[in-house]
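Asker: my_file-v1.cif is the file, holding mmCIF, C-alpha atoms:
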```
data_query
#
loop_
_atom_site.label_atom_id
_atom_site.label_comp_id
_atom_site.auth_asym_id
_atom_site.auth_seq_id
_atom_site.Cartn_x
_atom_site.Cartn_y
_atom_site.Cartn_z
CA MET A 1 79.81 21.83 29.74
CA THR A 2 78.95 23.76 32.92
CA ALA A 3 80.59 23.68 36.33
CA PHE A 4 77.38 22.21 37.74
CA ASP A 5 77.56 19.37 35.24
CA ALA A 6 81.20 18.72 36.15
CA TRP A 7 80.45 18.58 39.88
CA ALA A 8 77.43 16.38 39.22
CA GLY A 9 79.70 14.00 37.35
CA LEU A 10 82.14 13.95 40.27
CA ALA A 11 79.37 13.36 42.82
CA LEU A 12 77.94 10.31 41.02
CA PRO A 13 80.83 7.86 41.55
CA VAL A 14 81.26 9.07 45.12
CA CYS A 15 77.58 8.33 45.85
CA CYS A 16 77.78 4.95 44.12
CA VAL A 17 80.89 3.88 46.04
CA LEU A 18 79.35 4.92 49.36
CA LEU A 19 76.14 3.02 48.62
CA LEU A 20 78.10 -0.11 47.63
CA ILE A 21 80.13 0.11 50.84
CA VAL A 22 76.92 0.38 52.87
CA ALA A 23 75.47 -2.63 51.04
CA SER A 24 78.61 -4.67 51.66
CA PHE A 25 78.24 -4.10 55.42
CA GLN A 26 74.47 -4.39 55.67
CA ALA A 27 74.14 -7.56 53.59
CA PRO A 28 77.64 -9.07 53.32
CA GLY A 29 76.44 -12.57 52.51
CA LYS A 30 73.37 -11.70 50.45
CA ARG A 31 73.30 -13.31 47.03
CA HIS A 32 71.02 -12.54 44.12
CA ALA A 33 69.92 -15.55 42.08
CA ARG A 34 70.32 -13.83 38.71
CA VAL A 35 73.86 -12.68 39.47
CA THR A 36 74.84 -16.14 40.70
CA ARG A 37 73.37 -17.69 37.57
CA GLU A 38 75.01 -15.32 35.07
CA GLY A 39 78.21 -14.56 37.01
CA GLY A 40 80.47 -11.56 36.85
CA THR A 41 83.30 -10.76 34.46
CA ILE A 42 86.47 -8.69 34.43
CA PHE A 43 84.29 -5.77 33.28
CA LEU A 44 81.91 -5.93 36.27
CA SER A 45 82.65 -8.14 39.26
CA GLU A 46 80.09 -10.47 40.78
CA ALA A 47 80.50 -8.92 44.25
CA ILE A 48 79.61 -5.43 42.99
CA MET A 49 76.57 -6.84 41.20
CA HIS A 50 75.37 -8.58 44.38
CA TRP A 51 75.73 -5.34 46.36
CA GLY A 52 73.95 -3.40 43.62
CA TYR A 53 71.02 -5.80 43.59
CA ALA A 54 70.80 -5.54 47.38
CA TRP A 55 70.01 -1.84 46.91
CA ILE A 56 67.66 -2.58 44.02
CA ASP A 57 65.66 -5.00 46.19
CA ARG A 58 65.48 -2.40 48.96
CA LEU A 59 64.35 0.35 46.58
CA ALA A 60 61.77 -1.99 45.05
CA ARG A 61 60.18 -2.50 48.47
CA VAL A 62 60.07 1.27 49.01
CA ALA A 63 58.48 1.82 45.59
CA LEU A 64 55.78 -0.75 46.37
CA LYS A 65 55.02 0.98 49.67
CA PHE A 66 54.42 4.20 47.73
CA GLY A 67 51.95 2.41 45.48
CA LEU A 68 54.07 2.26 42.33
CA SER A 69 53.68 -0.67 39.97
CA ALA A 70 56.39 -2.61 38.16
CA THR A 71 54.97 -1.52 34.81
CA GLY A 72 54.90 2.11 35.91
CA VAL A 73 58.55 1.94 36.97
CA SER A 74 59.43 0.40 33.58
CA TRP A 75 57.93 3.39 31.79
CA ILE A 76 59.61 5.85 34.16
CA SER A 77 62.90 4.12 33.36
CA LEU A 78 62.22 4.62 29.64
CA PHE A 79 61.59 8.35 30.02
CA LEU A 80 64.72 8.73 32.16
CA GLY A 81 66.65 6.97 29.40
CA LEU A 82 65.21 9.36 26.84
CA ALA A 83 66.23 12.30 29.06
CA SER A 84 69.75 10.89 29.36
CA GLY A 85 70.00 10.78 25.57
CA LEU A 86 68.89 14.39 25.33
CA GLY A 87 71.49 15.27 27.97
CA MET A 88 74.21 13.59 25.94
CA ALA A 89 73.04 15.32 22.78
CA GLY A 90 73.47 18.65 24.55
CA GLY A 91 76.92 17.77 25.90
CA HIS A 92 75.76 17.50 29.52
CA PHE A 93 77.73 14.34 30.30
CA GLY A 94 77.31 14.53 34.07
CA LEU A 95 73.55 15.01 33.92
CA ALA A 96 73.26 12.24 31.33
CA ALA A 97 75.24 9.89 33.59
CA TRP A 98 72.88 10.56 36.52
CA LEU A 99 69.79 10.05 34.37
CA LEU A 100 71.13 6.82 32.88
CA THR A 101 71.97 5.59 36.39
CA LEU A 102 68.43 6.27 37.58
CA SER A 103 67.06 4.60 34.45
CA GLY A 104 69.21 1.54 35.13
CA LEU A 105 67.98 1.39 38.73
CA GLY A 106 64.42 1.52 37.47
CA ASP A 107 65.16 -1.30 35.06
CA GLY A 108 66.36 -3.47 37.93
CA MET A 109 63.56 -2.39 40.26
CA ASP A 110 60.66 -3.33 38.00
CA GLY A 111 61.69 -6.98 37.90
CA ALA A 112 62.35 -7.02 41.65
CA MET A 113 58.95 -5.42 42.31
CA ALA A 114 57.16 -8.01 40.18
CA GLN A 115 58.93 -10.83 42.04
CA GLN A 116 58.17 -9.35 45.45
CA GLN A 117 54.50 -9.06 44.50
CA GLY A 118 54.49 -12.55 43.01
CA ASN A 119 53.06 -11.37 39.70
CA SER A 120 55.98 -11.82 37.30
CA SER A 121 54.76 -12.51 33.79
CA ARG A 122 56.07 -13.10 30.29
CA ALA A 123 54.30 -9.96 29.11
CA GLY A 124 56.11 -7.93 31.75
CA ALA A 125 59.44 -9.49 30.78
CA VAL A 126 58.83 -8.65 27.10
CA LEU A 127 57.98 -5.04 27.96
CA ASP A 128 61.01 -4.71 30.22
CA SER A 129 63.39 -6.12 27.59
CA THR A 130 61.91 -3.95 24.83
CA LEU A 131 62.18 -0.74 26.84
CA ASP A 132 65.77 -1.61 27.77
CA ARG A 133 66.70 -1.61 24.09
CA TYR A 134 65.13 1.81 23.62
CA VAL A 135 66.99 3.26 26.62
CA GLU A 136 70.32 2.14 25.18
CA PHE A 137 69.30 3.44 21.76
CA PHE A 138 68.32 6.86 23.16
CA PHE A 139 71.60 7.30 25.03
CA LEU A 140 73.83 6.31 22.13
CA MET A 141 71.80 8.36 19.67
CA GLY A 142 72.52 11.29 21.96
CA VAL A 143 76.21 10.45 21.70
CA ILE A 144 75.98 10.29 17.91
CA TYR A 145 74.27 13.67 17.75
CA PHE A 146 76.80 15.30 20.07
CA TYR A 147 79.69 13.96 17.97
CA ARG A 148 77.97 14.90 14.70
CA GLY A 149 81.24 16.42 13.49
CA ALA A 150 83.30 13.29 14.22
CA VAL A 151 82.32 10.44 11.92
CA GLY A 152 84.74 8.01 13.57
CA VAL A 153 83.15 8.44 16.99
CA GLN A 154 79.70 8.10 15.46
CA LEU A 155 80.71 4.80 13.89
CA LEU A 156 82.07 3.58 17.24
CA ALA A 157 78.77 4.41 18.90
CA LEU A 158 76.83 2.54 16.19
CA VAL A 159 79.08 -0.52 16.48
CA ALA A 160 78.73 -0.41 20.28
CA LEU A 161 74.94 -0.19 19.94
CA PHE A 162 74.86 -3.11 17.50
CA GLY A 163 77.15 -5.20 19.69
CA GLY A 164 74.96 -4.61 22.72
CA PHE A 165 71.84 -5.59 20.81
CA MET A 166 73.55 -8.78 19.55
CA VAL A 167 74.62 -9.79 23.07
CA THR A 168 70.99 -9.44 24.15
CA TYR A 169 69.83 -11.31 21.04
CA SER A 170 72.11 -14.24 21.88
CA THR A 171 70.46 -14.49 25.30
CA ALA A 172 66.96 -14.28 23.82
CA LYS A 173 67.82 -16.92 21.21
CA ALA A 174 69.13 -19.28 23.86
CA GLU A 175 65.97 -18.85 25.92
CA ALA A 176 63.80 -19.45 22.82
CA LEU A 177 65.70 -22.69 22.18
CA GLN A 178 65.32 -23.59 25.88
CA VAL A 179 69.04 -23.89 26.53
CA THR A 180 71.19 -22.13 29.09
CA PRO A 181 72.57 -18.87 27.61
CA PRO A 182 76.35 -19.06 27.24
CA ARG A 183 78.22 -16.76 29.60
CA GLY A 184 79.86 -13.77 28.02
CA TRP A 185 81.01 -10.19 28.44
CA MET A 186 79.29 -6.84 28.12
CA LYS A 187 75.80 -7.81 29.09
CA ARG A 188 73.43 -4.89 29.72
CA ALA A 189 74.51 -4.16 33.31
CA GLU A 190 78.16 -4.05 32.27
CA ARG A 191 77.46 -1.78 29.31
CA LEU A 192 75.51 0.63 31.50
CA VAL A 193 78.27 0.79 34.11
CA TRP A 194 80.90 1.50 31.46
CA LEU A 195 78.80 4.12 29.68
CA ILE A 196 77.98 5.83 32.97
CA GLY A 197 81.61 5.68 34.06
CA GLY A 198 82.83 7.11 30.76
CA ALA A 199 80.30 9.95 30.85
CA THR A 200 81.20 10.67 34.48
CA LEU A 201 84.90 10.97 33.69
CA ALA A 202 84.17 13.11 30.65
CA SER A 203 82.28 15.57 32.85
CA ALA A 204 84.46 15.53 35.98
CA LEU A 205 88.05 15.56 34.65
CA PRO A 206 87.85 19.19 33.44
CA LEU A 207 87.76 20.12 37.15
CA VAL A 208 91.44 19.15 37.30
CA GLY A 209 92.29 20.67 33.94
CA GLN A 210 92.06 17.46 31.93
CA SER A 211 89.76 16.51 29.09
CA GLY A 212 87.74 13.40 29.78
CA ARG A 213 86.18 13.09 26.35
CA PRO A 214 89.00 10.95 24.90
CA ILE A 215 88.35 8.54 27.78
CA PHE A 216 84.67 8.41 26.86
CA VAL A 217 85.59 7.63 23.25
CA GLY A 218 87.87 4.90 24.57
CA VAL A 219 84.98 3.46 26.55
CA LEU A 220 82.88 3.39 23.37
CA ALA A 221 85.69 1.54 21.62
CA ILE A 222 85.93 -1.03 24.43
CA ILE A 223 82.20 -1.67 24.35
CA ALA A 224 82.16 -1.83 20.54
CA ILE A 225 84.95 -4.40 20.40
CA VAL A 226 84.14 -6.52 23.44
CA ALA A 227 80.36 -6.61 22.94
CA ASN A 228 80.68 -7.80 19.35
CA LEU A 229 83.31 -10.40 20.25
CA SER A 230 81.09 -11.56 23.09
CA ALA A 231 78.07 -11.83 20.78
CA ILE A 232 80.03 -13.85 18.22
CA THR A 233 81.46 -16.26 20.80
CA ARG A 234 78.07 -16.66 22.53
CA LEU A 235 76.25 -17.39 19.27
CA TRP A 236 79.00 -19.81 18.23
CA ALA A 237 78.74 -21.64 21.56
CA LEU A 238 74.97 -21.64 21.23
CA SER A 239 75.08 -23.11 17.74
CA ARG A 240 77.22 -25.98 19.01
CA SER A 241 74.92 -26.74 21.93
CA VAL A 242 71.72 -27.37 19.96
#
```
Go through the file and emit its structure as structure tokens.

Answerer:
Amino acid sequence: MTAFDAWAGLALPVCCVLLLIVASFQAPGKRHARVTREGGTIFLSEAIMHWGYAWIDRLARVALKFGLSATGVSWISLFLGLASGLGMAGGHFGLAAWLLTLSGLGDGMDGAMAQQQGNSSRAGAVLDSTLDRYVEFFFLMGVIYFYRGAVGVQLLALVALFGGFMVTYSTAKAEALQVTPPRGWMKRAERLVWLIGGATLASALPLVGQSGRPIFVGVLAIIAIVANLSAITRLWALSRSV
């Protein structure tokens, strides 16, 4: 891990906090329908999600002015996710955190762009959801490759990946059955924030003489446990509602 990677990891949370503060002042009462519908949890508060979507909506308008399409942004998000996985595989935690952040922004922007243009479609939603799964897969496969000498960490990453997929599956199943998806923890936005935060700490803490990698492993464990518990409880609630 290089000094540049460590400083990049330190800069990311600083930039994110500053942007959230700006959003809280510029649009203090702005509410995003999706956030209001799904709600926040102890792992990612509703207020932070509203502020984040305020920036996503703003960036979506800028992207449209530059002639980008929602589909194009979806594919850019995929390639950024692939790059983040390669960064993790090489042990560049700070770089991987930045790339995953940009990929996550792109994932939010494509839907916002489609809504602002009034051309949202089921085909676009399917593409968006499919590419999201690949982004998460790429990142965690990078983790598995980097920890190729630690079977326990690799298993944690696999369980975290499976749990995330099952949380998403529970939502898709609810929508297929035309019922309201049960609320739960560790939806995609929460998983991204925790993965980015863990990678950031893993890269930045060596600047103060501490190893952040145990914290990243702890984040994997939290996601692995909570995501699977969330999936089980959501599917159980879903089975009782139909």

Asker: Looking at only C-alpha atoms, which of A:Pro206, A:Gly39, A:Gly108, A:Gly87 is the one that sits closest to Ile56 of chain A?

Answerer: A:Gly108

Asker: Can you give me, as number ranges by chain, the residues this file yields under the PyMOL selection byres ((chain A and resi 128) around 12)?

Answerer: A: 70-78, 103-104, 106-112, 114, 120-127, 129-135

Asker: Skipping near chain neighbours, those fewer than 4 positions away, what residues fall within 9 Å of Ala231 of chain A using all atoms listed in the file, listed as a PDB file with C-alpha atoms, keeping the file's coordinate frame?

Answerer:
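Final file, part-v5.pdb:
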```pdb
ATOM      1  CA  GLY A 163      77.150  -5.200  19.690  1.00  0.00           C
ATOM      2  CA  GLY A 164      74.960  -4.610  22.720  1.00  0.00           C
ATOM      3  CA  PHE A 165      71.840  -5.590  20.810  1.00  0.00           C
ATOM      4  CA  MET A 166      73.550  -8.780  19.550  1.00  0.00           C
ATOM      5  CA  VAL A 167      74.620  -9.790  23.070  1.00  0.00           C
ATOM      6  CA  THR A 168      70.990  -9.440  24.150  1.00  0.00           C
ATOM      7  CA  TYR A 169      69.830 -11.310  21.040  1.00  0.00           C
ATOM      8  CA  SER A 170      72.110 -14.240  21.880  1.00  0.00           C
ATOM      9  CA  GLY A 184      79.860 -13.770  28.020  1.00  0.00           C
ATOM     10  CA  TRP A 185      81.010 -10.190  28.440  1.00  0.00           C
ATOM     11  CA  MET A 186      79.290  -6.840  28.120  1.00  0.00           C
ATOM     12  CA  VAL A 226      84.140  -6.520  23.440  1.00  0.00           C
ATOM     13  CA  ALA A 227      80.360  -6.610  22.940  1.00  0.00           C
ATOM     14  CA  LEU A 235      76.250 -17.390  19.270  1.00  0.00           C
ATOM     15  CA  TRP A 236      79.000 -19.810  18.230  1.00  0.00           C
TER      16      TRP A 236
END
```

Asker: Contacts of Leu10 of chain A at 10 Å or less, counting only C-alpha atoms, minus same-chain residues fewer than 5 places along, as a ChimeraX atom specification?

Answerer: /A:4-5,15,94,200-205,207

Asker: Atom CA of Leu82 of chain A and atom CA of Phe138 of chain A are how many Å apart?

Answerer: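 According to the coordinates, atom CA of Leu82 of chain A and atom CA of Phe138 of chain A are separated by 5.4 Å.
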
Asker: Quick one: pull the distance between atom CA of Ala89 of chain A and atom CA of Gly52 of chain A, Å, one decimal.

Answerer: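 Between atom CA of Ala89 of chain A and atom CA of Gly52 of chain A the gap works out to 28.0 Å.
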
Asker: All heavy atoms for segment 197-208 of chain A, written as a PDB file, in the coordinates of the input, could you do that?

Answerer:
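Contents of result36.pdb, as written:
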```
ATOM      1  N   GLY A 197      80.264   5.329  33.620  1.00  0.00           N
ATOM      2  CA  GLY A 197      81.610   5.680  34.060  1.00  0.00           C
ATOM      3  C   GLY A 197      82.333   6.580  33.077  1.00  0.00           C
ATOM      4  O   GLY A 197      82.985   7.551  33.465  1.00  0.00           O
ATOM      5  N   GLY A 198      82.189   6.284  31.781  1.00  0.00           N
ATOM      6  CA  GLY A 198      82.830   7.110  30.760  1.00  0.00           C
ATOM      7  C   GLY A 198      82.267   8.516  30.740  1.00  0.00           C
ATOM      8  O   GLY A 198      83.003   9.504  30.645  1.00  0.00           O
ATOM      9  N   ALA A 199      80.923   8.627  30.841  1.00  0.00           N
ATOM     10  CA  ALA A 199      80.300   9.950  30.850  1.00  0.00           C
ATOM     11  C   ALA A 199      80.682  10.732  32.096  1.00  0.00           C
ATOM     12  O   ALA A 199      80.880  11.952  32.048  1.00  0.00           O
ATOM     13  CB  ALA A 199      78.777   9.802  30.762  1.00  0.00           C
ATOM     14  N   THR A 200      80.805  10.021  33.219  1.00  0.00           N
ATOM     15  CA  THR A 200      81.200  10.670  34.480  1.00  0.00           C
ATOM     16  C   THR A 200      82.601  11.258  34.375  1.00  0.00           C
ATOM     17  O   THR A 200      82.842  12.412  34.761  1.00  0.00           O
ATOM     18  CB  THR A 200      81.140   9.652  35.629  1.00  0.00           C
ATOM     19  OG1 THR A 200      79.785   9.225  35.811  1.00  0.00           O
ATOM     20  CG2 THR A 200      81.647  10.267  36.920  1.00  0.00           C
ATOM     21  N   LEU A 201      83.531  10.480  33.844  1.00  0.00           N
ATOM     22  CA  LEU A 201      84.900  10.970  33.690  1.00  0.00           C
ATOM     23  C   LEU A 201      84.956  12.136  32.711  1.00  0.00           C
ATOM     24  O   LEU A 201      85.693  13.104  32.921  1.00  0.00           O
ATOM     25  CB  LEU A 201      85.815   9.841  33.223  1.00  0.00           C
ATOM     26  CG  LEU A 201      86.156   8.786  34.273  1.00  0.00           C
ATOM     27  CD1 LEU A 201      86.924   7.638  33.631  1.00  0.00           C
ATOM     28  CD2 LEU A 201      86.986   9.406  35.403  1.00  0.00           C
ATOM     29  N   ALA A 202      84.182  12.031  31.646  1.00  0.00           N
ATOM     30  CA  ALA A 202      84.170  13.110  30.650  1.00  0.00           C
ATOM     31  C   ALA A 202      83.686  14.417  31.251  1.00  0.00           C
ATOM     32  O   ALA A 202      84.129  15.500  30.844  1.00  0.00           O
ATOM     33  CB  ALA A 202      83.277  12.719  29.475  1.00  0.00           C
ATOM     34  N   SER A 203      82.794  14.342  32.241  1.00  0.00           N
ATOM     35  CA  SER A 203      82.280  15.570  32.850  1.00  0.00           C
ATOM     36  C   SER A 203      83.150  16.063  33.995  1.00  0.00           C
ATOM     37  O   SER A 203      83.276  17.271  34.209  1.00  0.00           O
ATOM     38  CB  SER A 203      80.851  15.327  33.367  1.00  0.00           C
ATOM     39  OG  SER A 203      80.844  14.392  34.432  1.00  0.00           O
ATOM     40  N   ALA A 204      83.764  15.144  34.753  1.00  0.00           N
ATOM     41  CA  ALA A 204      84.460  15.530  35.980  1.00  0.00           C
ATOM     42  C   ALA A 204      85.926  15.914  35.773  1.00  0.00           C
ATOM     43  O   ALA A 204      86.450  16.768  36.497  1.00  0.00           O
ATOM     44  CB  ALA A 204      84.369  14.405  37.014  1.00  0.00           C
ATOM     45  N   LEU A 205      86.613  15.306  34.818  1.00  0.00           N
ATOM     46  CA  LEU A 205      88.050  15.560  34.650  1.00  0.00           C
ATOM     47  C   LEU A 205      88.399  17.007  34.330  1.00  0.00           C
ATOM     48  O   LEU A 205      89.481  17.478  34.699  1.00  0.00           O
ATOM     49  CB  LEU A 205      88.628  14.621  33.593  1.00  0.00           C
ATOM     50  CG  LEU A 205      88.884  13.187  34.061  1.00  0.00           C
ATOM     51  CD1 LEU A 205      89.478  12.345  32.942  1.00  0.00           C
ATOM     52  CD2 LEU A 205      89.805  13.156  35.274  1.00  0.00           C
ATOM     53  N   PRO A 206      87.524  17.767  33.640  1.00  0.00           N
ATOM     54  CA  PRO A 206      87.850  19.190  33.440  1.00  0.00           C
ATOM     55  C   PRO A 206      88.047  19.969  34.730  1.00  0.00           C
ATOM     56  O   PRO A 206      88.688  21.029  34.730  1.00  0.00           O
ATOM     57  CB  PRO A 206      86.625  19.707  32.669  1.00  0.00           C
ATOM     58  CG  PRO A 206      86.152  18.529  31.899  1.00  0.00           C
ATOM     59  CD  PRO A 206      86.360  17.370  32.821  1.00  0.00           C
ATOM     60  N   LEU A 207      87.537  19.448  35.865  1.00  0.00           N
ATOM     61  CA  LEU A 207      87.760  20.120  37.150  1.00  0.00           C
ATOM     62  C   LEU A 207      89.226  20.148  37.532  1.00  0.00           C
ATOM     63  O   LEU A 207      89.669  21.017  38.298  1.00  0.00           O
ATOM     64  CB  LEU A 207      86.950  19.424  38.256  1.00  0.00           C
ATOM     65  CG  LEU A 207      85.426  19.584  38.183  1.00  0.00           C
ATOM     66  CD1 LEU A 207      84.758  18.686  39.210  1.00  0.00           C
ATOM     67  CD2 LEU A 207      85.032  21.041  38.416  1.00  0.00           C
ATOM     68  N   VAL A 208      89.995  19.189  37.015  1.00  0.00           N
ATOM     69  CA  VAL A 208      91.440  19.150  37.300  1.00  0.00           C
ATOM     70  C   VAL A 208      92.246  19.523  36.059  1.00  0.00           C
ATOM     71  O   VAL A 208      93.420  19.183  35.945  1.00  0.00           O
ATOM     72  CB  VAL A 208      91.864  17.763  37.842  1.00  0.00           C
ATOM     73  CG1 VAL A 208      91.248  17.513  39.206  1.00  0.00           C
ATOM     74  CG2 VAL A 208      91.483  16.651  36.858  1.00  0.00           C
TER      75      VAL A 208
END
```
